[in-house]
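Chemist: A single structure is presented below for examination.
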Amino acid sequence: MSDPHALFSRPRPIPTHLITGFLGVGKTTAIRRLLERRPKDERWAVLVNEFGEVGVDAELLADGEVAVRQVAGGCLCCVASQAFTVGLNHIIRRERPQRILIEPTGLGHPAQVIETLTGTLYASVLELHATITLMDARHLASARHRAHETWCDQIHLADVLVANKADLYTEQDREAFFEFARALDPPKLRTALVSRGDLDPAWLDLPLSAARRALFPEAHAFLTAHRLKTSESGDPQPLETDRPEWWTAESRGEGHFGRSWRFGPTVQFEPMRLDETLRRDAWDRVKGVVATSTGWVSINRVAGVGGLEPHPGAAEGRLEIIDHRPLDGEVIDRELLAARRPVAP
Ligand SMILES: Nc1nc2c(ncn2[C@@H]2O[C@H](COP(=O)(O)OP(=O)(O)OP(=O)(O)O)[C@@H](O)[C@H]2O)c(=O)[nH]1
Ligand SMILES: [Mg+2]
């Protein structure tokens with residue numbers, strides 16, 4: 001791999017921010033808010049990484065003014081680590097940003113990303129600031145989350161710990177969060193409750209604490225993503241000859257199962273049928289951008305909550321489903337096929 005020092009010799013390292021947190025806690029929402037409030041004369045860039053094979057967040061973030069680069073198919077810390085540095089180098093070289101925001105997958109362990117960003121490769125190129133971790137305080141009452149090593153380490157390695165979705169909390173959830181946060185050792189630089197990812201931009205200036213160590217440094221070791229129906233080169237291949245514009249893949253790792261789809265330009269769904277299909281189960285995460293008979297929509301659901309919203313459109317349709325239980329991908333695939341708008345003969 002080329003040496004980024006040679007490529008990007010520059011006087012001052014670029015402030016870089018890691019926004020971590022478990023699946024669906026509101027990382028992309030928070031980044032969107034930060035982008036909206038950025039100084040208009042500053043060039044910012046975003047690197048976003050997805051567990052699934054196709055990735056959707058870049059579409060949700062696109063605002064035409066900020067460079068967004070996506071690394072899909074695994075997590076930054078392991079299988080995709082080379083794709084991560086390639087993506088990051090690309091952003092640095094092409095965009096020459098004045099600030100970089102990085103969103104790792106919600107299933108990503110942050111330790112290795114922090115190590116890479118603070119290692120010799122980027123030493124004088126990037127200046128990693130405080131790790132900002134979002135969480136859902138309601139997960140404190142969920143044995144599955146509390147037992148998840150990556151969930152624990154995302155919180156443990158946070159410099160700033162933010163409980164998002166406060167609008168959905170009970171008084172008990174709020175108290176549980178502050179009690180939990182008070183007991184954390186080493187203490188956080190800031191802890192806060194917010195809604196709609198409303199982070200205080202001043203937190204971006206807080207420093208990274210070098211003293212934090214992962215509780216489960218081995219947790220990120222394996223995330224196997226295996227592709228279905230793809231060519232050797234990894235390019236999408238038709239699933240069947242009568243469905244040339246329908247590509248699907250599955251991924252697995254960190255105790256979770258993913259299924260992803262890409263749809264070509266002629267694939268349109270009936271919005272009601274699509275919504276019904278995607279509501280069939282309270283999967284941990286459903287997100288996508290797809291064409292329907294009434295226009296493009298984005299889909300953003302967490303544990304059964306959320307729906308379809310109008311979207312300006314994309315080059316192709318994309319959909320991801322992730323759950324902690326094995327997915328019956330073939331059944332969902334058939335249901336999605338049945339939710340298509342019939343193609344005119
Ligand atoms: N009620 C409520 N919903 C929220 C809040 N913040 C985010 N959401 C919703 O939660 C869903 C997930 O938000 P994202 O920002 O995509 O979450 P994420 O952490 O980026 O998700 P992944 O990248 O898939 O891990 C979306 O439907 C958001 O609109 C909030 O404060 N309150
Ligand atoms: Mg996201």
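Ligands are numbered from 1 in the order shown, residues from 1 within each chain, and chains are lettered A, B, ... in the order they appear in the structure tokens.
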Which parts of segment 57-133 of chain A does DSSP call strand (DSSP E or B) when run on the backbone here, written out as a list in words?
Modeler: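 Those in segment 57-133 of chain A that DSSP calls strand (DSSP E or B) are Ala67, Val68, Arg69, Gln70, Val71, Arg99, Ile100, Leu101, Ile102, Glu103, Leu126, Glu127, Leu128, His129, Ile132 and Thr133 of chain A.
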Chemist: Mind dumping the selected residues with N, CA and C atoms as a compact mmCIF listing (two decimals), in the first residue's frame?
Modeler:
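Output saved as again.txt:
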```
# COMPACT_ATOMS: atom_id res chain seq x y z
N ALA A 67 -18.46 15.17 0.34
CA ALA A 67 -18.02 13.91 -0.26
C ALA A 67 -18.32 12.77 0.71
N VAL A 68 -19.05 11.77 0.23
CA VAL A 68 -19.38 10.61 1.07
C VAL A 68 -18.84 9.38 0.37
N ARG A 69 -18.05 8.60 1.08
CA ARG A 69 -17.53 7.37 0.48
C ARG A 69 -17.94 6.20 1.36
N GLN A 70 -18.36 5.14 0.70
CA GLN A 70 -18.88 4.00 1.43
C GLN A 70 -18.00 2.78 1.26
N VAL A 71 -17.78 2.05 2.34
CA VAL A 71 -17.07 0.77 2.27
C VAL A 71 -18.08 -0.26 2.79
N ARG A 99 -12.09 18.33 7.35
CA ARG A 99 -12.55 17.52 8.48
C ARG A 99 -13.11 16.21 7.91
N ILE A 100 -12.86 15.12 8.62
CA ILE A 100 -13.37 13.82 8.16
C ILE A 100 -14.20 13.19 9.28
N LEU A 101 -15.39 12.74 8.93
CA LEU A 101 -16.23 12.01 9.88
C LEU A 101 -16.26 10.55 9.43
N ILE A 102 -16.10 9.64 10.37
CA ILE A 102 -16.10 8.22 10.01
C ILE A 102 -17.19 7.50 10.79
N GLU A 103 -18.07 6.81 10.07
CA GLU A 103 -19.11 5.99 10.72
C GLU A 103 -18.82 4.53 10.44
N LEU A 126 -3.60 12.60 9.76
CA LEU A 126 -4.88 12.75 10.46
C LEU A 126 -4.64 13.03 11.93
N GLU A 127 -5.56 13.78 12.52
CA GLU A 127 -5.54 13.94 13.97
C GLU A 127 -6.88 13.42 14.49
N LEU A 128 -6.83 12.23 15.08
CA LEU A 128 -8.08 11.63 15.56
C LEU A 128 -8.50 12.31 16.85
N HIS A 129 -9.74 12.81 16.86
CA HIS A 129 -10.28 13.47 18.04
C HIS A 129 -11.10 12.47 18.86
N ILE A 132 -16.86 9.55 19.61
CA ILE A 132 -18.22 9.87 20.06
C ILE A 132 -19.08 8.63 19.83
N THR A 133 -19.62 8.09 20.88
CA THR A 133 -20.42 6.87 20.77
C THR A 133 -21.87 7.16 21.12
```
Chemist: Determine, counting only C-alpha atoms, which protein, DNA and RNA residues have an atom within 8 Å of an atom of segment 140-156 of chain A; residues of the same chain fewer than 2 positions away are not included. Present the result as a ChimeraX atom specification.
Modeler: /A:20-22,107-110,133,135-138,158,161,176-177,184,212-216,219-220,254
Chemist: Could you tell me which of A:Leu47, A:Lys165, A:Ala210, A:His311 comes closest to Asp198 of chain A if we count only C-alpha atoms?
Modeler: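 For Asp198 of chain A, the nearest of the candidates is A:Lys165.
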Chemist: At a cut-off of 6 Å and counting only C-alpha atoms and all ligand atoms, what residues surround ligand 2? Please answer as a list of chain:residue names.
Modeler: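 After applying the 6 Å limit, what remains is A:Lys27, A:Thr28, A:Asp57.
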Chemist: Could the residues that lie within 7 Å of ligand 1, counting only C-alpha atoms and all ligand atoms, be listed as a CSV table (one decimal) with all heavy atoms, in the first residue's frame?
Modeler:
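Done, and the output landed in out-v5.csv:
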```
chain,number,residue,atom,x,y,z
A,21,GLY,N,-21.3,3.3,17.5
A,21,GLY,CA,-22.6,3.0,18.2
A,21,GLY,C,-23.2,1.8,17.5
A,21,GLY,O,-23.0,1.5,16.3
A,22,PHE,N,-24.0,1.1,18.3
A,22,PHE,CA,-24.6,-0.2,17.8
A,22,PHE,C,-25.6,0.1,16.6
A,22,PHE,O,-26.0,1.2,16.4
A,22,PHE,CB,-25.3,-0.9,19.0
A,22,PHE,CG,-25.2,-2.4,18.9
A,22,PHE,CD1,-24.0,-3.1,18.9
A,22,PHE,CD2,-26.3,-3.2,18.7
A,22,PHE,CE1,-23.9,-4.4,18.8
A,22,PHE,CE2,-26.3,-4.6,18.6
A,22,PHE,CZ,-25.0,-5.2,18.7
A,23,LEU,N,-26.0,-1.0,16.0
A,23,LEU,CA,-26.9,-0.9,14.9
A,23,LEU,C,-28.1,-0.1,15.1
A,23,LEU,O,-28.9,-0.3,16.1
A,23,LEU,CB,-27.5,-2.3,14.6
A,23,LEU,CG,-26.7,-3.4,13.8
A,23,LEU,CD1,-27.6,-4.6,13.6
A,23,LEU,CD2,-26.4,-2.8,12.5
A,24,GLY,N,-28.3,0.9,14.3
A,24,GLY,CA,-29.5,1.7,14.3
A,24,GLY,C,-29.7,2.7,15.4
A,24,GLY,O,-30.8,3.2,15.6
A,25,VAL,N,-28.6,3.0,16.1
A,25,VAL,CA,-28.8,3.9,17.3
A,25,VAL,C,-28.9,5.4,16.8
A,25,VAL,O,-29.3,6.3,17.6
A,25,VAL,CB,-27.7,3.8,18.3
A,25,VAL,CG1,-27.7,2.5,19.0
A,25,VAL,CG2,-26.3,4.1,17.7
A,26,GLY,N,-28.5,5.7,15.6
A,26,GLY,CA,-28.7,7.1,15.1
A,26,GLY,C,-27.4,7.7,14.6
A,26,GLY,O,-27.3,9.0,14.6
A,27,LYS,N,-26.4,6.9,14.3
A,27,LYS,CA,-25.1,7.5,13.8
A,27,LYS,C,-25.3,8.4,12.6
A,27,LYS,O,-24.8,9.5,12.5
A,27,LYS,CB,-24.1,6.4,13.6
A,27,LYS,CG,-23.8,5.5,14.8
A,27,LYS,CD,-22.9,4.4,14.4
A,27,LYS,CE,-23.5,3.3,13.5
A,27,LYS,NZ,-24.6,2.6,14.1
A,28,THR,N,-25.9,7.8,11.6
A,28,THR,CA,-26.1,8.5,10.3
A,28,THR,C,-26.9,9.8,10.5
A,28,THR,O,-26.6,10.9,10.0
A,28,THR,CB,-26.7,7.6,9.2
A,28,THR,OG1,-25.9,6.5,9.1
A,28,THR,CG2,-26.8,8.3,7.9
A,29,THR,N,-27.9,9.7,11.3
A,29,THR,CA,-28.8,10.9,11.7
A,29,THR,C,-27.9,11.9,12.3
A,29,THR,O,-28.0,13.1,12.0
A,29,THR,CB,-29.9,10.4,12.6
A,29,THR,OG1,-30.6,9.3,12.1
A,29,THR,CG2,-30.9,11.6,12.9
A,30,ALA,N,-27.0,11.5,13.2
A,30,ALA,CA,-26.2,12.5,13.9
A,30,ALA,C,-25.2,13.2,12.9
A,30,ALA,O,-24.9,14.4,13.0
A,30,ALA,CB,-25.4,11.8,15.0
A,50,GLU,N,-20.4,-0.3,6.1
A,50,GLU,CA,-21.7,-1.1,6.3
A,50,GLU,C,-21.4,-2.5,6.5
A,50,GLU,O,-20.5,-3.1,5.9
A,50,GLU,CB,-22.6,-0.9,5.1
A,50,GLU,CG,-23.0,0.5,4.9
A,50,GLU,CD,-24.4,0.8,5.4
A,50,GLU,OE1,-24.8,0.3,6.5
A,50,GLU,OE2,-25.1,1.6,4.8
A,57,ASP,N,-26.2,3.8,3.7
A,57,ASP,CA,-26.0,5.0,4.4
A,57,ASP,C,-25.5,6.2,3.5
A,57,ASP,O,-25.9,7.3,3.6
A,57,ASP,CB,-25.0,4.9,5.6
A,57,ASP,CG,-25.8,4.3,6.8
A,57,ASP,OD1,-27.0,4.1,6.7
A,57,ASP,OD2,-25.1,4.1,7.8
A,105,THR,N,-19.6,0.4,10.8
A,105,THR,CA,-20.8,-0.3,11.0
A,105,THR,C,-21.2,-0.5,12.4
A,105,THR,O,-20.3,-0.5,13.3
A,105,THR,CB,-20.7,-1.7,10.3
A,105,THR,OG1,-21.6,-2.6,11.0
A,105,THR,CG2,-19.4,-2.4,10.4
A,106,GLY,N,-22.5,-0.5,12.7
A,106,GLY,CA,-23.0,-0.7,14.1
A,106,GLY,C,-22.5,-2.0,14.7
A,106,GLY,O,-22.6,-2.2,15.9
A,164,ASN,N,-29.0,8.5,22.5
A,164,ASN,CA,-29.8,9.1,21.5
A,164,ASN,C,-31.2,8.5,21.6
A,164,ASN,O,-31.4,7.5,22.3
A,164,ASN,CB,-29.2,8.9,20.1
A,164,ASN,CG,-29.9,9.6,19.0
A,164,ASN,OD1,-30.4,10.8,19.2
A,164,ASN,ND2,-30.1,9.0,17.9
A,165,LYS,N,-32.2,9.2,20.9
A,165,LYS,CA,-33.6,8.8,20.9
A,165,LYS,C,-34.2,9.0,22.2
A,165,LYS,O,-35.1,8.3,22.7
A,165,LYS,CB,-33.8,7.3,20.5
A,165,LYS,CG,-33.1,6.9,19.2
A,165,LYS,CD,-33.6,5.6,18.6
A,165,LYS,CE,-32.8,5.3,17.3
A,165,LYS,NZ,-33.3,4.1,16.7
A,166,ALA,N,-33.8,10.1,22.9
A,166,ALA,CA,-34.3,10.4,24.2
A,166,ALA,C,-35.8,10.6,24.2
A,166,ALA,O,-36.5,10.5,25.2
A,166,ALA,CB,-33.6,11.6,24.8
A,167,ASP,N,-36.3,11.0,23.0
A,167,ASP,CA,-37.7,11.2,22.9
A,167,ASP,C,-38.5,10.0,23.1
A,167,ASP,O,-39.7,10.0,23.4
A,167,ASP,CB,-38.1,11.8,21.5
A,167,ASP,CG,-37.5,10.9,20.4
A,167,ASP,OD1,-36.3,10.6,20.4
A,167,ASP,OD2,-38.3,10.6,19.4
A,168,LEU,N,-37.9,8.8,23.0
A,168,LEU,CA,-38.6,7.5,23.2
A,168,LEU,C,-38.4,6.9,24.6
A,168,LEU,O,-38.9,5.9,24.9
A,168,LEU,CB,-38.1,6.5,22.2
A,168,LEU,CG,-38.3,7.0,20.7
A,168,LEU,CD1,-37.7,5.9,19.7
A,168,LEU,CD2,-39.7,7.2,20.3
A,194,VAL,N,-29.7,12.9,24.0
A,194,VAL,CA,-30.1,13.8,22.9
A,194,VAL,C,-31.2,13.1,22.1
A,194,VAL,O,-31.4,11.9,22.3
A,194,VAL,CB,-28.9,14.1,21.9
A,194,VAL,CG1,-27.7,14.7,22.6
A,194,VAL,CG2,-28.5,12.9,21.2
A,195,SER,N,-31.8,13.8,21.3
A,195,SER,CA,-32.8,13.3,20.3
A,195,SER,C,-32.3,13.6,18.9
A,195,SER,O,-31.7,14.7,18.7
A,195,SER,CB,-34.2,13.9,20.6
A,195,SER,OG,-34.7,13.4,21.8
A,196,ARG,N,-32.7,12.8,18.0
A,196,ARG,CA,-32.5,13.1,16.5
A,196,ARG,C,-31.0,13.4,16.3
A,196,ARG,O,-30.6,14.2,15.5
A,196,ARG,CB,-33.3,14.2,16.0
A,196,ARG,CG,-34.8,14.0,16.1
A,196,ARG,CD,-35.3,13.2,14.9
A,196,ARG,NE,-36.5,12.5,15.2
A,196,ARG,CZ,-36.8,11.3,14.6
A,196,ARG,NH1,-36.0,10.7,13.8
A,196,ARG,NH2,-37.9,10.7,14.9
A,197,GLY,N,-30.1,12.7,17.0
A,197,GLY,CA,-28.7,12.8,16.8
A,197,GLY,C,-28.1,14.2,17.0
A,197,GLY,O,-27.2,14.6,16.3
A,285,ARG,N,-32.6,-4.5,11.9
A,285,ARG,CA,-32.3,-3.4,11.0
A,285,ARG,C,-32.9,-3.6,9.6
A,285,ARG,O,-32.6,-4.7,9.0
A,285,ARG,CB,-30.8,-3.2,10.9
A,285,ARG,CG,-30.3,-1.9,10.6
A,285,ARG,CD,-30.6,-0.9,11.6
A,285,ARG,NE,-30.1,0.4,11.2
A,285,ARG,CZ,-30.9,1.3,10.6
A,285,ARG,NH1,-32.2,1.1,10.5
A,285,ARG,NH2,-30.4,2.5,10.3
A,300,ASN,N,-36.1,3.0,6.6
A,300,ASN,CA,-35.2,3.0,7.7
A,300,ASN,C,-36.0,2.5,8.9
A,300,ASN,O,-36.8,3.2,9.5
A,300,ASN,CB,-34.7,4.5,7.9
A,300,ASN,CG,-33.3,4.5,8.6
A,300,ASN,OD1,-33.0,3.5,9.3
A,300,ASN,ND2,-32.6,5.5,8.4
A,301,ARG,N,-35.7,1.2,9.3
A,301,ARG,CA,-36.5,0.6,10.4
A,301,ARG,C,-35.5,0.0,11.4
A,301,ARG,O,-34.5,-0.6,11.0
A,301,ARG,CB,-37.4,-0.5,9.9
A,301,ARG,CG,-38.6,0.1,9.1
A,301,ARG,CD,-39.4,-1.0,8.4
A,301,ARG,NE,-40.0,-2.0,9.3
A,301,ARG,CZ,-41.1,-1.7,10.0
A,301,ARG,NH1,-41.7,-0.5,10.0
A,301,ARG,NH2,-41.6,-2.6,10.9
A,302,VAL,N,-35.8,0.2,12.7
A,302,VAL,CA,-34.9,-0.4,13.7
A,302,VAL,C,-35.9,-1.2,14.6
A,302,VAL,O,-36.8,-0.6,15.2
A,302,VAL,CB,-34.2,0.7,14.5
A,302,VAL,CG1,-33.4,0.0,15.6
A,302,VAL,CG2,-33.3,1.5,13.7
A,306,GLY,N,-40.3,2.4,12.3
A,306,GLY,CA,-39.8,3.2,11.2
A,306,GLY,C,-40.6,2.8,9.9
A,306,GLY,O,-41.2,1.8,9.9
```
Chemist: Per DSSP on the backbone, what are the alpha helix (DSSP H) residues of segment 107-289 of chain A, as a ChimeraX atom specification?
Modeler: /A:110-118,143-146,149-156,171-182,271-278
Chemist: Based on the selection just made, write C-alpha atoms of those residues as a PDB file, in the first residue's frame.
Modeler:
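File out_26.pdb, as written:
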```pdb
ATOM      1  CA  PRO A 110     -13.761   0.288  17.267  1.00  0.00           C
ATOM      2  CA  ALA A 111     -10.376  -0.806  18.657  1.00  0.00           C
ATOM      3  CA  GLN A 112      -8.645  -1.584  15.407  1.00  0.00           C
ATOM      4  CA  VAL A 113     -10.044   1.425  13.607  1.00  0.00           C
ATOM      5  CA  ILE A 114      -8.676   3.660  16.370  1.00  0.00           C
ATOM      6  CA  GLU A 115      -5.360   1.830  16.163  1.00  0.00           C
ATOM      7  CA  THR A 116      -5.147   2.321  12.397  1.00  0.00           C
ATOM      8  CA  LEU A 117      -6.109   5.980  12.549  1.00  0.00           C
ATOM      9  CA  THR A 118      -3.582   6.744  15.283  1.00  0.00           C
ATOM     10  CA  ALA A 143     -29.496  -8.975  28.084  1.00  0.00           C
ATOM     11  CA  ARG A 144     -28.610  -9.594  24.430  1.00  0.00           C
ATOM     12  CA  HIS A 145     -27.049  -6.184  24.038  1.00  0.00           C
ATOM     13  CA  ARG A 146     -25.285  -6.180  27.370  1.00  0.00           C
ATOM     14  CA  GLU A 149     -18.758  -7.735  23.335  1.00  0.00           C
ATOM     15  CA  THR A 150     -18.793  -5.171  20.563  1.00  0.00           C
ATOM     16  CA  TRP A 151     -21.690  -3.299  22.203  1.00  0.00           C
ATOM     17  CA  CYS A 152     -19.691  -3.234  25.456  1.00  0.00           C
ATOM     18  CA  ASP A 153     -16.481  -2.056  23.827  1.00  0.00           C
ATOM     19  CA  GLN A 154     -18.157   0.621  21.727  1.00  0.00           C
ATOM     20  CA  ILE A 155     -19.284   2.133  25.021  1.00  0.00           C
ATOM     21  CA  HIS A 156     -16.085   1.375  26.860  1.00  0.00           C
ATOM     22  CA  GLU A 171     -37.985   8.318  33.140  1.00  0.00           C
ATOM     23  CA  GLN A 172     -36.590   4.933  34.112  1.00  0.00           C
ATOM     24  CA  ASP A 173     -34.544   4.721  30.889  1.00  0.00           C
ATOM     25  CA  ARG A 174     -33.059   8.159  31.580  1.00  0.00           C
ATOM     26  CA  GLU A 175     -32.143   7.304  35.138  1.00  0.00           C
ATOM     27  CA  ALA A 176     -30.694   3.959  34.083  1.00  0.00           C
ATOM     28  CA  PHE A 177     -28.477   5.743  31.553  1.00  0.00           C
ATOM     29  CA  PHE A 178     -27.066   8.291  33.980  1.00  0.00           C
ATOM     30  CA  GLU A 179     -26.537   5.667  36.661  1.00  0.00           C
ATOM     31  CA  PHE A 180     -24.732   3.466  34.128  1.00  0.00           C
ATOM     32  CA  ALA A 181     -22.662   6.363  32.795  1.00  0.00           C
ATOM     33  CA  ARG A 182     -21.632   7.524  36.275  1.00  0.00           C
ATOM     34  CA  PRO A 271     -45.233   0.577  -1.856  1.00  0.00           C
ATOM     35  CA  MET A 272     -47.971  -1.111   0.216  1.00  0.00           C
ATOM     36  CA  ARG A 273     -46.769  -4.617  -0.622  1.00  0.00           C
ATOM     37  CA  LEU A 274     -43.178  -3.639   0.034  1.00  0.00           C
ATOM     38  CA  ASP A 275     -44.047  -2.088   3.389  1.00  0.00           C
ATOM     39  CA  GLU A 276     -46.027  -5.193   4.338  1.00  0.00           C
ATOM     40  CA  THR A 277     -43.099  -7.449   3.459  1.00  0.00           C
ATOM     41  CA  LEU A 278     -40.665  -5.347   5.449  1.00  0.00           C
TER      42      LEU A 278
END
```
Chemist: Tell me which of A:Asp281, A:Glu95, A:Glu270, A:Asp200 sits closest to Ser293 of chain A, counting only C-alpha atoms.
Modeler: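 Among the listed residues, the smallest separation from Ser293 of chain A belongs to A:Glu270.
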Chemist: Do you have the atom CA of Ala202 of chain A-atom CA of Ala163 of chain A distance handy?
Modeler: 17.0 Å
Chemist: By how many Å are atom CA of Leu189 of chain A and atom CA of Phe51 of chain A apart?
Modeler: 28.7 Å
